[in-house]
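For reference, entry20.txt is printed below; it contains compact mmCIF, N, CA and C atoms.
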# COMPACT_ATOMS: atom_id res chain seq x y z
N MET T 1 -36.92 -12.70 23.71
CA MET T 1 -36.97 -14.13 23.91
C MET T 1 -35.54 -14.64 24.10
N ARG T 2 -35.34 -15.51 25.06
CA ARG T 2 -34.01 -16.07 25.33
C ARG T 2 -33.67 -17.14 24.31
N PRO T 3 -32.35 -17.36 24.02
CA PRO T 3 -31.95 -18.38 23.05
C PRO T 3 -32.40 -19.79 23.40
N ASP T 4 -32.59 -20.08 24.69
CA ASP T 4 -33.00 -21.43 25.09
C ASP T 4 -34.52 -21.56 25.23
N ASP T 5 -35.26 -20.53 24.84
CA ASP T 5 -36.72 -20.55 24.92
C ASP T 5 -37.26 -21.60 23.93
N PRO T 6 -38.09 -22.55 24.38
CA PRO T 6 -38.60 -23.59 23.48
C PRO T 6 -39.51 -23.06 22.38
N ARG T 7 -40.00 -21.83 22.52
CA ARG T 7 -40.86 -21.25 21.49
C ARG T 7 -40.06 -20.55 20.41
N ARG T 8 -38.76 -20.57 20.51
CA ARG T 8 -37.88 -19.86 19.58
C ARG T 8 -37.95 -20.51 18.19
N VAL T 9 -38.06 -19.70 17.16
CA VAL T 9 -38.08 -20.18 15.78
C VAL T 9 -36.64 -20.24 15.27
N ASP T 10 -36.26 -21.36 14.71
CA ASP T 10 -34.95 -21.50 14.09
C ASP T 10 -35.12 -21.11 12.62
N PHE T 11 -34.91 -19.82 12.34
CA PHE T 11 -35.14 -19.30 11.00
C PHE T 11 -34.23 -19.97 9.96
N ASP T 12 -33.00 -20.29 10.36
CA ASP T 12 -32.09 -20.95 9.43
C ASP T 12 -32.67 -22.31 9.02
N ALA T 13 -33.22 -23.05 9.97
CA ALA T 13 -33.81 -24.36 9.67
C ALA T 13 -35.04 -24.21 8.77
N VAL T 14 -35.84 -23.19 8.99
CA VAL T 14 -37.02 -22.96 8.15
C VAL T 14 -36.59 -22.68 6.71
N LYS T 15 -35.53 -21.91 6.54
CA LYS T 15 -35.04 -21.59 5.19
C LYS T 15 -34.46 -22.81 4.48
N ARG T 16 -34.06 -23.82 5.25
CA ARG T 16 -33.50 -25.05 4.68
C ARG T 16 -34.56 -26.13 4.45
N MET T 17 -35.77 -25.90 4.93
CA MET T 17 -36.84 -26.89 4.75
C MET T 17 -37.06 -27.12 3.26
N PRO T 18 -37.44 -28.34 2.87
CA PRO T 18 -37.74 -28.57 1.45
C PRO T 18 -38.81 -27.59 0.98
N PHE T 19 -38.43 -26.71 0.08
CA PHE T 19 -39.33 -25.62 -0.33
C PHE T 19 -40.61 -26.15 -0.95
N GLU T 20 -40.49 -27.22 -1.69
CA GLU T 20 -41.67 -27.77 -2.35
C GLU T 20 -42.73 -28.18 -1.32
N ALA T 21 -42.30 -28.71 -0.18
CA ALA T 21 -43.24 -29.10 0.88
C ALA T 21 -43.88 -27.88 1.53
N VAL T 22 -43.09 -26.85 1.77
CA VAL T 22 -43.63 -25.61 2.36
C VAL T 22 -44.67 -25.01 1.42
N ALA T 23 -44.34 -24.94 0.13
CA ALA T 23 -45.25 -24.36 -0.85
C ALA T 23 -46.50 -25.23 -1.05
N ALA T 24 -46.35 -26.54 -0.94
CA ALA T 24 -47.50 -27.44 -1.10
C ALA T 24 -48.56 -27.15 -0.04
N ASP T 25 -48.14 -26.78 1.15
CA ASP T 25 -49.09 -26.42 2.21
C ASP T 25 -49.88 -25.18 1.85
N ARG T 26 -49.42 -24.43 0.87
CA ARG T 26 -50.09 -23.21 0.43
C ARG T 26 -50.73 -23.37 -0.94
N GLY T 27 -50.88 -24.62 -1.42
CA GLY T 27 -51.60 -24.89 -2.66
C GLY T 27 -50.74 -25.01 -3.91
N TYR T 28 -49.44 -24.93 -3.79
CA TYR T 28 -48.56 -25.03 -4.95
C TYR T 28 -48.22 -26.49 -5.25
N VAL T 29 -48.13 -26.79 -6.52
CA VAL T 29 -47.73 -28.13 -6.96
C VAL T 29 -46.64 -27.98 -8.02
N ARG T 30 -45.84 -29.03 -8.16
CA ARG T 30 -44.76 -29.01 -9.16
C ARG T 30 -45.38 -28.98 -10.55
N ASP T 31 -44.83 -28.12 -11.39
CA ASP T 31 -45.27 -28.02 -12.78
C ASP T 31 -44.59 -29.15 -13.56
N PRO T 32 -45.37 -30.15 -14.02
CA PRO T 32 -44.77 -31.29 -14.70
C PRO T 32 -44.19 -30.93 -16.07
N ARG T 33 -44.59 -29.80 -16.61
CA ARG T 33 -44.08 -29.38 -17.93
C ARG T 33 -42.72 -28.71 -17.84
N ALA T 34 -42.34 -28.29 -16.65
CA ALA T 34 -41.06 -27.58 -16.47
C ALA T 34 -39.93 -28.60 -16.36
N PRO T 35 -38.85 -28.39 -17.08
CA PRO T 35 -37.77 -29.37 -17.09
C PRO T 35 -36.86 -29.34 -15.88
N ALA T 36 -36.95 -28.31 -15.05
CA ALA T 36 -36.01 -28.15 -13.93
C ALA T 36 -36.28 -29.18 -12.84
N ARG T 37 -35.43 -30.19 -12.77
CA ARG T 37 -35.58 -31.23 -11.75
C ARG T 37 -34.97 -30.77 -10.43
N ALA T 38 -33.78 -30.17 -10.50
CA ALA T 38 -33.09 -29.73 -9.28
C ALA T 38 -33.73 -28.49 -8.69
N ASN T 39 -34.29 -27.63 -9.53
CA ASN T 39 -34.93 -26.40 -9.09
C ASN T 39 -36.38 -26.42 -9.57
N PRO T 40 -37.27 -27.02 -8.77
CA PRO T 40 -38.64 -27.18 -9.23
C PRO T 40 -39.35 -25.86 -9.52
N VAL T 41 -40.19 -25.89 -10.54
CA VAL T 41 -41.09 -24.79 -10.86
C VAL T 41 -42.44 -25.20 -10.27
N LEU T 42 -43.01 -24.32 -9.47
CA LEU T 42 -44.26 -24.63 -8.77
C LEU T 42 -45.36 -23.71 -9.26
N ARG T 43 -46.58 -24.25 -9.33
CA ARG T 43 -47.75 -23.47 -9.74
C ARG T 43 -48.83 -23.53 -8.66
N ALA T 44 -49.60 -22.46 -8.60
CA ALA T 44 -50.72 -22.37 -7.67
C ALA T 44 -52.02 -22.35 -8.47
N PRO T 45 -53.14 -22.59 -7.78
CA PRO T 45 -54.43 -22.55 -8.47
C PRO T 45 -54.70 -21.20 -9.17
N ASP T 46 -54.12 -20.11 -8.64
CA ASP T 46 -54.34 -18.80 -9.27
C ASP T 46 -53.41 -18.59 -10.46
N LEU T 47 -52.68 -19.64 -10.86
CA LEU T 47 -51.77 -19.67 -12.00
C LEU T 47 -50.45 -18.94 -11.78
N SER T 48 -50.21 -18.45 -10.56
CA SER T 48 -48.90 -17.86 -10.33
C SER T 48 -47.87 -18.98 -10.37
N LYS T 49 -46.69 -18.62 -10.81
CA LYS T 49 -45.62 -19.61 -10.96
C LYS T 49 -44.44 -19.17 -10.12
N LEU T 50 -43.90 -20.11 -9.33
CA LEU T 50 -42.73 -19.83 -8.52
C LEU T 50 -41.53 -20.55 -9.10
N LEU T 51 -40.48 -19.81 -9.35
CA LEU T 51 -39.21 -20.40 -9.74
C LEU T 51 -38.41 -20.56 -8.46
N THR T 52 -37.82 -21.72 -8.25
CA THR T 52 -37.11 -21.98 -7.00
C THR T 52 -35.66 -22.34 -7.26
N LYS T 53 -34.85 -22.13 -6.24
CA LYS T 53 -33.44 -22.46 -6.34
C LYS T 53 -32.89 -22.69 -4.94
N ARG T 54 -32.02 -23.67 -4.82
CA ARG T 54 -31.35 -23.91 -3.55
C ARG T 54 -29.97 -23.27 -3.63
N LEU T 55 -29.69 -22.39 -2.68
CA LEU T 55 -28.41 -21.68 -2.66
C LEU T 55 -27.32 -22.55 -2.05
N GLY T 56 -26.09 -22.12 -2.19
CA GLY T 56 -24.95 -22.86 -1.65
C GLY T 56 -24.99 -23.02 -0.14
N ASN T 57 -25.68 -22.13 0.57
CA ASN T 57 -25.78 -22.24 2.02
C ASN T 57 -26.93 -23.15 2.46
N GLY T 58 -27.62 -23.77 1.49
CA GLY T 58 -28.71 -24.68 1.81
C GLY T 58 -30.08 -24.04 1.89
N HIS T 59 -30.14 -22.72 1.82
CA HIS T 59 -31.42 -22.02 1.88
C HIS T 59 -32.11 -22.09 0.52
N TRP T 60 -33.42 -22.32 0.56
CA TRP T 60 -34.23 -22.27 -0.65
C TRP T 60 -34.75 -20.86 -0.84
N VAL T 61 -34.78 -20.39 -2.08
CA VAL T 61 -35.36 -19.09 -2.41
C VAL T 61 -36.32 -19.28 -3.58
N TYR T 62 -37.21 -18.32 -3.74
CA TYR T 62 -38.18 -18.39 -4.83
C TYR T 62 -38.38 -17.00 -5.42
N PHE T 63 -38.96 -16.99 -6.61
CA PHE T 63 -39.33 -15.77 -7.31
C PHE T 63 -40.67 -16.02 -7.97
N ASN T 64 -41.66 -15.16 -7.72
CA ASN T 64 -42.98 -15.27 -8.32
C ASN T 64 -42.96 -14.54 -9.66
N THR T 65 -43.26 -15.26 -10.73
CA THR T 65 -43.20 -14.66 -12.07
C THR T 65 -44.29 -13.63 -12.33
N LEU T 66 -45.35 -13.62 -11.53
CA LEU T 66 -46.43 -12.65 -11.73
C LEU T 66 -46.31 -11.44 -10.81
N ASP T 67 -45.43 -11.51 -9.80
CA ASP T 67 -45.31 -10.43 -8.83
C ASP T 67 -43.85 -10.31 -8.40
N ALA T 68 -43.14 -9.36 -8.96
CA ALA T 68 -41.72 -9.19 -8.67
C ALA T 68 -41.45 -8.92 -7.20
N GLY T 69 -42.43 -8.41 -6.48
CA GLY T 69 -42.26 -8.14 -5.05
C GLY T 69 -42.44 -9.37 -4.18
N ASP T 70 -42.84 -10.48 -4.77
CA ASP T 70 -43.07 -11.71 -4.03
C ASP T 70 -41.91 -12.66 -4.31
N SER T 71 -40.89 -12.56 -3.49
CA SER T 71 -39.72 -13.42 -3.64
C SER T 71 -39.02 -13.52 -2.30
N GLY T 72 -38.12 -14.47 -2.19
CA GLY T 72 -37.36 -14.62 -0.96
C GLY T 72 -37.28 -16.07 -0.52
N THR T 73 -37.29 -16.29 0.79
CA THR T 73 -37.17 -17.62 1.37
C THR T 73 -38.56 -18.16 1.74
N ALA T 74 -38.58 -19.33 2.35
CA ALA T 74 -39.84 -19.92 2.80
C ALA T 74 -40.54 -19.00 3.79
N ILE T 75 -39.78 -18.28 4.58
CA ILE T 75 -40.37 -17.34 5.54
C ILE T 75 -41.11 -16.24 4.79
N ASN T 76 -40.50 -15.70 3.73
CA ASN T 76 -41.18 -14.69 2.92
C ASN T 76 -42.44 -15.25 2.28
N LEU T 77 -42.37 -16.50 1.81
CA LEU T 77 -43.54 -17.12 1.19
C LEU T 77 -44.71 -17.13 2.17
N MET T 78 -44.44 -17.53 3.40
CA MET T 78 -45.50 -17.59 4.41
C MET T 78 -46.01 -16.21 4.77
N LEU T 79 -45.11 -15.29 5.04
CA LEU T 79 -45.52 -13.94 5.45
C LEU T 79 -46.23 -13.21 4.31
N ASN T 80 -45.80 -13.42 3.06
CA ASN T 80 -46.44 -12.77 1.91
C ASN T 80 -47.84 -13.32 1.64
N ARG T 81 -48.18 -14.41 2.28
CA ARG T 81 -49.51 -14.99 2.11
C ARG T 81 -50.37 -14.83 3.37
N GLY T 82 -50.00 -13.86 4.19
CA GLY T 82 -50.83 -13.49 5.32
C GLY T 82 -50.62 -14.30 6.58
N LEU T 83 -49.63 -15.15 6.61
CA LEU T 83 -49.35 -15.91 7.82
C LEU T 83 -48.48 -15.09 8.75
N SER T 84 -48.46 -15.45 10.01
CA SER T 84 -47.65 -14.71 10.97
C SER T 84 -46.50 -15.59 11.43
N PHE T 85 -45.62 -15.02 12.23
CA PHE T 85 -44.51 -15.80 12.77
C PHE T 85 -45.03 -16.97 13.59
N ALA T 86 -46.21 -16.85 14.17
CA ALA T 86 -46.79 -17.95 14.94
C ALA T 86 -47.11 -19.16 14.05
N ASP T 87 -47.29 -18.93 12.76
CA ASP T 87 -47.61 -20.01 11.83
C ASP T 87 -46.37 -20.73 11.30
N ILE T 88 -45.20 -20.16 11.56
CA ILE T 88 -43.96 -20.77 11.09
C ILE T 88 -43.61 -21.93 12.00
N PRO T 89 -43.29 -23.09 11.44
CA PRO T 89 -43.00 -24.26 12.26
C PRO T 89 -41.85 -24.01 13.23
N LEU T 90 -41.98 -24.52 14.43
CA LEU T 90 -40.93 -24.43 15.42
C LEU T 90 -40.05 -25.65 15.39
N PHE T 91 -38.79 -25.45 15.60
CA PHE T 91 -37.84 -26.57 15.60
C PHE T 91 -37.15 -26.63 16.93
Conversion result in structure tokens:
Amino acid sequence: MRPDDPRRVDFDAVKRMPFEAVAADRGYVRDPRAPARANPVLRAPDLSKLLTKRLGNGHWVYFNTLDAGDSGTAINLMLNRGLSFADIPLF
């Protein structure tokens, strides 16, 4: 795919998207009992808990407390839940 192709995914922009919004599309909500305001703790209906953090480069990352293999950026969150690159928002 050429750099000027309109179907090109801007992966850097996806990693900078508000993580809470990306996760909300997958059923996660902010855990009101967690004190982390800057780094929200998110829960899903299956009770998995995601710890989140924004890195110095602006990318959001997460770690699933129930599955050590489920961590990374918003892209990993989507791909680890069975979505494809076609499901990643285009910018």
Q.
Taking only N, CA and C atoms into account, name the residue in T:Ala34, T:Gly27, T:Leu83, T:Trp60 that is nearest to Asp46 in chain T.
A. T:Gly27
Q. If we count all atoms listed in the file, what is near Ser71 in chain T at a cut-off of 7 Å, once residues fewer than 6 positions away on the same chain are taken out, given as a list in words?
A. Val61, Tyr62, Phe63, Asn64 and Leu77 of chain T
Q. So how many Å separate CA of Arg30 in chain T and CA of Asp12 in chain T, to one decimal?
A. 23.9 Å
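The gap separating CA of Asp10 in chain T from CA of Asp67 in chain T is 27.5 Å, in Å to one decimal.
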Q) Tell me, which residues of chain T carry DSSP strand (DSSP E or B), written as a PyMOL selection string? A) chain T and resi 29-30+41-43+49-54+60-64+71-72
